[in-house]
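Report on one structure; see the data block that follows.
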Amino acid sequence: MITTEQKELIKATVPILREHGVALTTHFYSRMFTHNPELKNLFNMGNQGNGKQQLSLAMAVLAYAENIEDPSVLVSAVTKIGHKHMSLDIRPEHYAIVGKHLLASIGEVLGEGATPTLIEAWAVAYQQLADLMIGLEQNLYSDAVAKEGGWTGWRPFLVKQKVQESEEITSFYLYPADGGKVADFTPGQYISLRLFLPELNLLQPRQYSLSNAPNGDYYRISVKKEAGKAEHPNGMISNRLHNAVQEGDVVEVAPPAGDFVLDTTKQTPVVFVSGGVGQTPLMSMLEYLASTQSSRDIVWVHGSRNRKVHAFREPLTMLEAKIGKLNKHIFYDTLDEEMQVSGYYEGVVELDKLKEQALLQNADYYICGPAPFIQKQFTDLAAMGVSPEAIHYEEFGPANLVLS
């Protein structure tokens with residue numbers, strides 16, 4: 001157990017972490033990959049290259065230090081990380097490696113300020129956190145295996161269909177290569193997909209939201225082709241999926257994970273707000289509501305640059321006819337003449353334009369898109385009187401956005 005004195009030592013490092021946290025985590029990753037290069041196969045090297053992972057870890061370490069007296073306030077963030085780790089097949093032995101390099105990095109970055117008592121305090125604190133994460137993840141692994149068609153780790157899946165949804169987004173229909181069933185999931189969850197990248201000589205995992213309702217037979221992911229350069233990992237997996245992976249190819253998939261999910265126990269209204277490819281987890285939620293013949297009132301708000309890059313236009317129209325209680329609002333940067341009709345708006349998503357059409361009594365709001373998009377919608381909803389507890393959001397990539 002961590003002592004009161006050790007907690008005070010941890011809290012004393014908060015100012016340093018606020019100022020130099022990213023420098024510490026950057027040093028940590030560089031050190032770890034130098035000594036344990038095999039771990040590059042576990043990490044998204046694109047997020048390493050653009051600095052997002054270093055920032056995300058720095059914020060997590062700072063939050064842990066700030067709340068060392070009562071880490072339970074971080075349960076939401078810890079749960080989100082646990083799901084991500086399960087989707088990457090992180091195991092207890094990895095925590096020992098990370099801990100060794102994190103403590104060494106604290107000593108190397110702080111220099112004389114890293115006294116033996118401070119390092120010992122951080123060692124105890126880290127082990128406390130590691131034990132918490134290992135226990136949480138063990139439960140997630142056990143739950144995954146207990147489901148019909150469930151598994152842990154990486155399982156080969158066959159790409160049976162590859163369907164272009166827009167100029168930028170293509171859907172991949174994934175079936176187990178062993179011919180077995182796939183585990184059900186809660187609408188809104190994601191899977192990790194892993195490919196070998198010859199350019200890096202590495203296996204690289206990426207998380208993709210499931211864009212279909214659970215069915216027991218296959219998963220669907222809908223992937224935006226990201227801009228990426230040959231010498232930079234960002235966009236490599238999405239480009240390889242679009243350009244190289246064909247129907248009949250095999251990819252590796254980890255079981256569904258994630259805590260941004262539709263509350264399927266409720267019968268109250270739902271409002272879905274998305275930007276670009278952020279609609280994918282919301283499409284899963286919408287398809288689920290349609291497949292279960294839900295009587296819930298539903299508002300669908302989506303923003304896209306134009307009709308050509310707007311995926312799922314036709315499926316959404318069919319769902320609108322099937323559900324009946326679906327109220328649809330689409331925002332484009334510019335509108336063609338034929339699109340200047342009711343339900344279509346020019347410009348970015350402005351919930352204030354919809355007012356009472358989007359403000360439903362006792363509704364839950366699900367937001368997904370780029371971080372600035374989420375920030376704007378959250379702020380606008382709060383200004384319109386929506387309780388923060390009713391607003392749920394998912395940021396793709398390392399989670400750096402904290403709204404309340």
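A note on labels: chains of the structure tokens are A, B, ... as shown, every chain counts residues from 1, and ligands are counted from 1 in their shown order.
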
With a distance cut-off of 12 Å and only C-alpha atoms, select the neighbouring residues of A:Ala96, excluding the residue or stretch itself and same-chain residues fewer than 4 positions from it, and output the selection as a PyMOL selection string.
chain A and resi 32+90-92+100-103+123+126-127+129-131+134

From stretch 282-357 of chain A, collect each residue whose DSSP state is alpha helix (DSSP H) and return the set as a ChimeraX atom specification.
/A:282-291,313-323,351-354

Kindly save the residues from that selection, with N, CA, C and O atoms included, as an mmCIF file, in the first residue's frame.
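Final output, saved to selection_38.cif:
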```
data_model
loop_
_atom_site.group_PDB
_atom_site.id
_atom_site.type_symbol
_atom_site.label_atom_id
_atom_site.label_comp_id
_atom_site.auth_asym_id
_atom_site.auth_seq_id
_atom_site.Cartn_x
_atom_site.Cartn_y
_atom_site.Cartn_z
ATOM 1 N N LEU A 282 -22.358 5.273 -34.593
ATOM 2 C CA LEU A 282 -23.758 5.674 -34.478
ATOM 3 C C LEU A 282 -24.627 4.904 -35.468
ATOM 4 O O LEU A 282 -25.800 4.627 -35.190
ATOM 5 N N MET A 283 -24.049 4.520 -36.619
ATOM 6 C CA MET A 283 -24.783 3.672 -37.562
ATOM 7 C C MET A 283 -25.073 2.314 -36.930
ATOM 8 O O MET A 283 -26.149 1.737 -37.127
ATOM 9 N N SER A 284 -24.121 1.794 -36.160
ATOM 10 C CA SER A 284 -24.342 0.532 -35.449
ATOM 11 C C SER A 284 -25.505 0.665 -34.483
ATOM 12 O O SER A 284 -26.378 -0.206 -34.402
ATOM 13 N N MET A 285 -25.536 1.774 -33.745
ATOM 14 C CA MET A 285 -26.626 2.014 -32.796
ATOM 15 C C MET A 285 -27.964 2.133 -33.530
ATOM 16 O O MET A 285 -28.974 1.568 -33.088
ATOM 17 N N LEU A 286 -27.956 2.870 -34.639
ATOM 18 C CA LEU A 286 -29.195 3.075 -35.390
ATOM 19 C C LEU A 286 -29.700 1.764 -35.986
ATOM 20 O O LEU A 286 -30.905 1.471 -35.940
ATOM 21 N N GLU A 287 -28.797 0.974 -36.562
ATOM 22 C CA GLU A 287 -29.200 -0.317 -37.123
ATOM 23 C C GLU A 287 -29.758 -1.233 -36.040
ATOM 24 O O GLU A 287 -30.704 -1.989 -36.272
ATOM 25 N N TYR A 288 -29.155 -1.175 -34.862
ATOM 26 C CA TYR A 288 -29.656 -1.989 -33.749
ATOM 27 C C TYR A 288 -31.086 -1.581 -33.394
ATOM 28 O O TYR A 288 -31.957 -2.448 -33.207
ATOM 29 N N LEU A 289 -31.333 -0.303 -33.294
ATOM 30 C CA LEU A 289 -32.675 0.171 -32.956
ATOM 31 C C LEU A 289 -33.683 -0.267 -34.017
ATOM 32 O O LEU A 289 -34.819 -0.636 -33.704
ATOM 33 N N ALA A 290 -33.244 -0.245 -35.279
ATOM 34 C CA ALA A 290 -34.133 -0.684 -36.356
ATOM 35 C C ALA A 290 -34.382 -2.187 -36.289
ATOM 36 O O ALA A 290 -35.519 -2.647 -36.444
ATOM 37 N N SER A 291 -33.319 -2.961 -36.020
ATOM 38 C CA SER A 291 -33.445 -4.428 -36.004
ATOM 39 C C SER A 291 -34.273 -4.917 -34.828
ATOM 40 O O SER A 291 -34.872 -5.995 -34.894
ATOM 41 N N ARG A 313 -25.685 7.242 -47.255
ATOM 42 C CA ARG A 313 -26.859 8.070 -47.570
ATOM 43 C C ARG A 313 -28.084 7.196 -47.878
ATOM 44 O O ARG A 313 -29.155 7.411 -47.318
ATOM 45 N N GLU A 314 -27.889 6.201 -48.759
ATOM 46 C CA GLU A 314 -29.020 5.340 -49.123
ATOM 47 C C GLU A 314 -29.453 4.441 -47.962
ATOM 48 O O GLU A 314 -30.666 4.333 -47.676
ATOM 49 N N PRO A 315 -28.504 3.778 -47.263
ATOM 50 C CA PRO A 315 -28.931 2.977 -46.099
ATOM 51 C C PRO A 315 -29.679 3.795 -45.055
ATOM 52 O O PRO A 315 -30.635 3.306 -44.444
ATOM 53 N N LEU A 316 -29.271 5.046 -44.868
ATOM 54 C CA LEU A 316 -29.943 5.899 -43.894
ATOM 55 C C LEU A 316 -31.382 6.188 -44.333
ATOM 56 O O LEU A 316 -32.310 6.189 -43.510
ATOM 57 N N THR A 317 -31.576 6.402 -45.639
ATOM 58 C CA THR A 317 -32.925 6.641 -46.161
ATOM 59 C C THR A 317 -33.810 5.421 -45.936
ATOM 60 O O THR A 317 -34.983 5.549 -45.554
ATOM 61 N N MET A 318 -33.255 4.230 -46.128
ATOM 62 C CA MET A 318 -34.028 3.004 -45.907
ATOM 63 C C MET A 318 -34.343 2.818 -44.430
ATOM 64 O O MET A 318 -35.452 2.403 -44.068
ATOM 65 N N LEU A 319 -33.385 3.141 -43.562
ATOM 66 C CA LEU A 319 -33.633 3.037 -42.123
ATOM 67 C C LEU A 319 -34.680 4.053 -41.687
ATOM 68 O O LEU A 319 -35.514 3.771 -40.826
ATOM 69 N N GLU A 320 -34.643 5.225 -42.307
ATOM 70 C CA GLU A 320 -35.626 6.262 -41.982
ATOM 71 C C GLU A 320 -37.041 5.760 -42.280
ATOM 72 O O GLU A 320 -37.968 5.968 -41.489
ATOM 73 N N ALA A 321 -37.194 5.061 -43.425
ATOM 74 C CA ALA A 321 -38.505 4.534 -43.787
ATOM 75 C C ALA A 321 -38.926 3.386 -42.877
ATOM 76 O O ALA A 321 -40.096 3.227 -42.537
ATOM 77 N N LYS A 322 -37.937 2.614 -42.434
ATOM 78 C CA LYS A 322 -38.224 1.438 -41.600
ATOM 79 C C LYS A 322 -38.566 1.823 -40.170
ATOM 80 O O LYS A 322 -39.476 1.254 -39.554
ATOM 81 N N ILE A 323 -37.836 2.796 -39.620
ATOM 82 C CA ILE A 323 -38.001 3.140 -38.213
ATOM 83 C C ILE A 323 -39.238 3.996 -37.987
ATOM 84 O O ILE A 323 -39.974 3.810 -37.018
ATOM 85 N N LEU A 351 -26.435 22.821 -33.886
ATOM 86 C CA LEU A 351 -27.624 22.305 -33.208
ATOM 87 C C LEU A 351 -28.594 23.420 -32.840
ATOM 88 O O LEU A 351 -29.797 23.190 -32.716
ATOM 89 N N ASP A 352 -28.061 24.624 -32.701
ATOM 90 C CA ASP A 352 -28.920 25.757 -32.371
ATOM 91 C C ASP A 352 -29.937 26.024 -33.486
ATOM 92 O O ASP A 352 -31.031 26.540 -33.239
ATOM 93 N N LYS A 353 -29.580 25.658 -34.737
ATOM 94 C CA LYS A 353 -30.512 25.825 -35.853
ATOM 95 C C LYS A 353 -31.714 24.902 -35.707
ATOM 96 O O LYS A 353 -32.807 25.201 -36.187
ATOM 97 N N LEU A 354 -31.496 23.760 -35.058
ATOM 98 C CA LEU A 354 -32.559 22.775 -34.929
ATOM 99 C C LEU A 354 -33.438 23.020 -33.715
ATOM 100 O O LEU A 354 -34.598 22.618 -33.681
#
```

Shell around A:Pro187 at 12 Å using only C-alpha atoms, local window under 6 positions removed, as number ranges by chain:
A: 209-215, 219-220, 256-264, 280-289, 291, 366

Using the selection just defined, write its residues with N, CA and C atoms as a short mmCIF file (atom, residue, chain, number, x, y, z; two decimals), in the first residue's frame.
```cif
data_model
loop_
_atom_site.label_atom_id
_atom_site.label_comp_id
_atom_site.auth_asym_id
_atom_site.auth_seq_id
_atom_site.Cartn_x
_atom_site.Cartn_y
_atom_site.Cartn_z
N SER A 209 -14.50 1.38 -35.46
CA SER A 209 -15.84 1.17 -34.91
C SER A 209 -16.60 0.16 -35.77
N LEU A 210 -17.37 -0.68 -35.11
CA LEU A 210 -18.28 -1.57 -35.82
C LEU A 210 -19.46 -0.73 -36.30
N SER A 211 -19.76 -0.83 -37.60
CA SER A 211 -20.78 0.05 -38.17
C SER A 211 -22.09 -0.68 -38.47
N ASN A 212 -22.20 -1.92 -38.00
CA ASN A 212 -23.44 -2.68 -38.21
C ASN A 212 -24.02 -3.13 -36.88
N ALA A 213 -25.25 -3.58 -36.89
CA ALA A 213 -25.87 -4.14 -35.70
C ALA A 213 -25.32 -5.54 -35.46
N PRO A 214 -25.27 -6.01 -34.20
CA PRO A 214 -24.82 -7.38 -33.92
C PRO A 214 -25.68 -8.39 -34.65
N ASN A 215 -25.02 -9.44 -35.22
CA ASN A 215 -25.78 -10.45 -35.96
C ASN A 215 -25.26 -11.87 -35.77
N TYR A 219 -18.70 -9.03 -38.81
CA TYR A 219 -18.52 -7.65 -38.37
C TYR A 219 -18.35 -6.78 -39.62
N ARG A 220 -18.81 -5.55 -39.52
CA ARG A 220 -18.56 -4.58 -40.58
C ARG A 220 -17.82 -3.38 -40.01
N PRO A 256 -14.49 -7.42 -29.83
CA PRO A 256 -15.08 -6.09 -29.63
C PRO A 256 -14.76 -5.52 -28.25
N ALA A 257 -14.55 -4.22 -28.21
CA ALA A 257 -14.24 -3.52 -26.97
C ALA A 257 -14.78 -2.11 -27.05
N GLY A 258 -14.70 -1.40 -25.94
CA GLY A 258 -15.11 0.00 -25.92
C GLY A 258 -16.29 0.26 -25.01
N ASP A 259 -16.31 1.44 -24.39
CA ASP A 259 -17.37 1.79 -23.45
C ASP A 259 -18.25 2.94 -23.95
N PHE A 260 -18.05 3.38 -25.19
CA PHE A 260 -18.97 4.34 -25.81
C PHE A 260 -20.07 3.53 -26.48
N VAL A 261 -21.13 3.27 -25.73
CA VAL A 261 -22.13 2.31 -26.18
C VAL A 261 -23.54 2.84 -25.94
N LEU A 262 -24.44 2.35 -26.76
CA LEU A 262 -25.85 2.68 -26.60
C LEU A 262 -26.41 1.98 -25.37
N ASP A 263 -27.14 2.72 -24.55
CA ASP A 263 -27.82 2.12 -23.41
C ASP A 263 -29.07 1.43 -23.94
N THR A 264 -28.98 0.13 -24.14
CA THR A 264 -30.07 -0.62 -24.76
C THR A 264 -31.21 -0.91 -23.79
N THR A 280 -19.82 6.20 -37.90
CA THR A 280 -19.79 4.73 -37.95
C THR A 280 -20.32 4.05 -36.70
N PRO A 281 -19.90 4.43 -35.47
CA PRO A 281 -20.49 3.76 -34.29
C PRO A 281 -21.96 4.09 -34.12
N LEU A 282 -22.36 5.27 -34.59
CA LEU A 282 -23.76 5.67 -34.48
C LEU A 282 -24.63 4.90 -35.47
N MET A 283 -24.05 4.52 -36.62
CA MET A 283 -24.78 3.67 -37.56
C MET A 283 -25.07 2.31 -36.93
N SER A 284 -24.12 1.79 -36.16
CA SER A 284 -24.34 0.53 -35.45
C SER A 284 -25.51 0.67 -34.48
N MET A 285 -25.54 1.77 -33.74
CA MET A 285 -26.63 2.01 -32.80
C MET A 285 -27.96 2.13 -33.53
N LEU A 286 -27.96 2.87 -34.64
CA LEU A 286 -29.20 3.07 -35.39
C LEU A 286 -29.70 1.76 -35.99
N GLU A 287 -28.80 0.97 -36.56
CA GLU A 287 -29.20 -0.32 -37.12
C GLU A 287 -29.76 -1.23 -36.04
N TYR A 288 -29.16 -1.17 -34.86
CA TYR A 288 -29.66 -1.99 -33.75
C TYR A 288 -31.09 -1.58 -33.39
N LEU A 289 -31.33 -0.30 -33.29
CA LEU A 289 -32.68 0.17 -32.96
C LEU A 289 -33.68 -0.27 -34.02
N SER A 291 -33.32 -2.96 -36.02
CA SER A 291 -33.44 -4.43 -36.00
C SER A 291 -34.27 -4.92 -34.83
N TYR A 366 -25.52 11.21 -28.27
CA TYR A 366 -24.30 10.47 -28.61
C TYR A 366 -23.58 11.25 -29.71
#
```

Return as number ranges by chain the full set of residues in stretch 142-348 of chain A whose backbone-based DSSP assignment is strand (DSSP E or B).
A: 155-164, 169-176, 190-197, 202-210, 219-224, 250-253, 257, 270-275, 298-304, 326-332, 344-346

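Once A:Ala104 and its same-chain neighbours fewer than 5 positions away are set aside, Phe28, Arg31, Gly99, Val109 and Ile119 of chain A remain within 9 Å of it when counting only C-alpha atoms.
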
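Atom to atom, atom CA of A:Gly278 and atom CA of A:Ile298 stand 17.4 Å apart.
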
Calculate how many Å separate atom CA of A:Arg155 from atom CA of A:Val245, rounding to one decimal.
16.8 Å

Using only C-alpha atoms, find the one residue out of A:Gly113, A:Gly49, A:Pro71, A:Pro269 that sits nearest to A:Ile16.
A:Gly113

Skipping near chain neighbours, those fewer than 6 positions away, what residues fall within 8 Å of stretch 326-342 of chain A using only C-alpha atoms, listed as a tab-separated table (two decimals) with N, CA and C atoms, in the first residue's frame?
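Output file out.tsv is given in full below:
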```
chain	number	residue	atom	x	y	z
A	297	ASP	N	-37.97	7.60	-29.88
A	297	ASP	CA	-37.81	8.74	-30.78
A	297	ASP	C	-36.33	8.93	-31.07
A	298	ILE	N	-36.00	9.14	-32.35
A	298	ILE	CA	-34.59	9.22	-32.75
A	298	ILE	C	-34.37	10.46	-33.61
A	299	VAL	N	-33.32	11.21	-33.28
A	299	VAL	CA	-32.89	12.33	-34.12
A	299	VAL	C	-31.49	12.01	-34.65
A	300	TRP	N	-31.31	12.15	-35.95
A	300	TRP	CA	-30.02	11.88	-36.59
A	300	TRP	C	-29.50	13.18	-37.17
A	301	VAL	N	-28.36	13.64	-36.67
A	301	VAL	CA	-27.73	14.88	-37.15
A	301	VAL	C	-26.34	14.53	-37.64
A	302	HIS	N	-26.06	14.85	-38.90
A	302	HIS	CA	-24.75	14.49	-39.46
A	302	HIS	C	-24.20	15.63	-40.30
A	303	GLY	N	-22.90	15.84	-40.17
A	303	GLY	CA	-22.21	16.85	-40.96
A	303	GLY	C	-21.17	16.23	-41.86
A	304	SER	N	-21.15	16.66	-43.12
A	304	SER	CA	-20.18	16.15	-44.09
A	304	SER	C	-19.83	17.29	-45.04
A	305	ARG	N	-18.68	17.17	-45.71
A	305	ARG	CA	-18.27	18.25	-46.61
A	305	ARG	C	-19.24	18.41	-47.78
A	306	ASN	N	-19.64	17.28	-48.34
A	306	ASN	CA	-20.57	17.30	-49.48
A	306	ASN	C	-21.17	15.92	-49.65
A	307	ARG	N	-22.04	15.80	-50.65
A	307	ARG	CA	-22.75	14.54	-50.86
A	307	ARG	C	-21.82	13.43	-51.31
A	320	GLU	N	-34.64	5.23	-42.31
A	320	GLU	CA	-35.63	6.26	-41.98
A	320	GLU	C	-37.04	5.76	-42.28
A	348	VAL	N	-21.55	24.11	-41.23
A	348	VAL	CA	-21.20	23.09	-40.24
A	348	VAL	C	-22.40	22.78	-39.37
A	349	VAL	N	-22.32	21.68	-38.63
A	349	VAL	CA	-23.43	21.28	-37.77
A	349	VAL	C	-23.67	22.33	-36.70
```

With only C-alpha atoms as the atoms that count, which of A:Tyr141, A:Phe172, A:Tyr345, A:Phe185 lies nearest to A:Lys224?
A:Phe172

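Contact shell of A:Pro176 at 9 Å (only C-alpha atoms; same-chain neighbours under 5 positions omitted): Arg155, Pro156, Phe157, Leu158, Val159, Lys181, Val182, Asp217 and Tyr218 of chain A.
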
Store the residues picked out above in a file with N, CA and C atoms, as a PDB file, in the first residue's frame.
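Written file, selection_25.pdb:
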```pdb
ATOM      1  N   ARG A 155      -7.535 -13.171 -33.992  1.00  0.00           N
ATOM      2  CA  ARG A 155      -8.228 -14.248 -34.696  1.00  0.00           C
ATOM      3  C   ARG A 155      -8.303 -13.906 -36.184  1.00  0.00           C
ATOM      4  N   PRO A 156      -8.009 -14.856 -37.075  1.00  0.00           N
ATOM      5  CA  PRO A 156      -8.061 -14.555 -38.509  1.00  0.00           C
ATOM      6  C   PRO A 156      -9.495 -14.404 -39.016  1.00  0.00           C
ATOM      7  N   PHE A 157      -9.729 -13.339 -39.770  1.00  0.00           N
ATOM      8  CA  PHE A 157     -11.032 -13.062 -40.369  1.00  0.00           C
ATOM      9  C   PHE A 157     -10.879 -12.908 -41.880  1.00  0.00           C
ATOM     10  N   LEU A 158     -11.882 -13.358 -42.603  1.00  0.00           N
ATOM     11  CA  LEU A 158     -11.906 -13.304 -44.062  1.00  0.00           C
ATOM     12  C   LEU A 158     -12.692 -12.074 -44.513  1.00  0.00           C
ATOM     13  N   VAL A 159     -12.104 -11.307 -45.430  1.00  0.00           N
ATOM     14  CA  VAL A 159     -12.809 -10.174 -46.021  1.00  0.00           C
ATOM     15  C   VAL A 159     -13.705 -10.727 -47.133  1.00  0.00           C
ATOM     16  N   LYS A 181     -18.832 -18.686 -35.277  1.00  0.00           N
ATOM     17  CA  LYS A 181     -19.640 -17.515 -34.992  1.00  0.00           C
ATOM     18  C   LYS A 181     -18.753 -16.370 -34.506  1.00  0.00           C
ATOM     19  N   VAL A 182     -19.313 -15.180 -34.494  1.00  0.00           N
ATOM     20  CA  VAL A 182     -18.625 -14.048 -33.881  1.00  0.00           C
ATOM     21  C   VAL A 182     -19.427 -13.593 -32.672  1.00  0.00           C
ATOM     22  N   ASP A 217     -22.784 -13.362 -37.125  1.00  0.00           N
ATOM     23  CA  ASP A 217     -22.104 -13.956 -38.276  1.00  0.00           C
ATOM     24  C   ASP A 217     -20.899 -13.165 -38.771  1.00  0.00           C
ATOM     25  N   TYR A 218     -20.999 -11.853 -38.771  1.00  0.00           N
ATOM     26  CA  TYR A 218     -19.906 -11.047 -39.322  1.00  0.00           C
ATOM     27  C   TYR A 218     -19.842  -9.697 -38.619  1.00  0.00           C
TER      28      TYR A 218
END
```

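Note that the spacing between atom CA of A:Ile81 and atom CA of A:Lys147 amounts to 21.5 Å.
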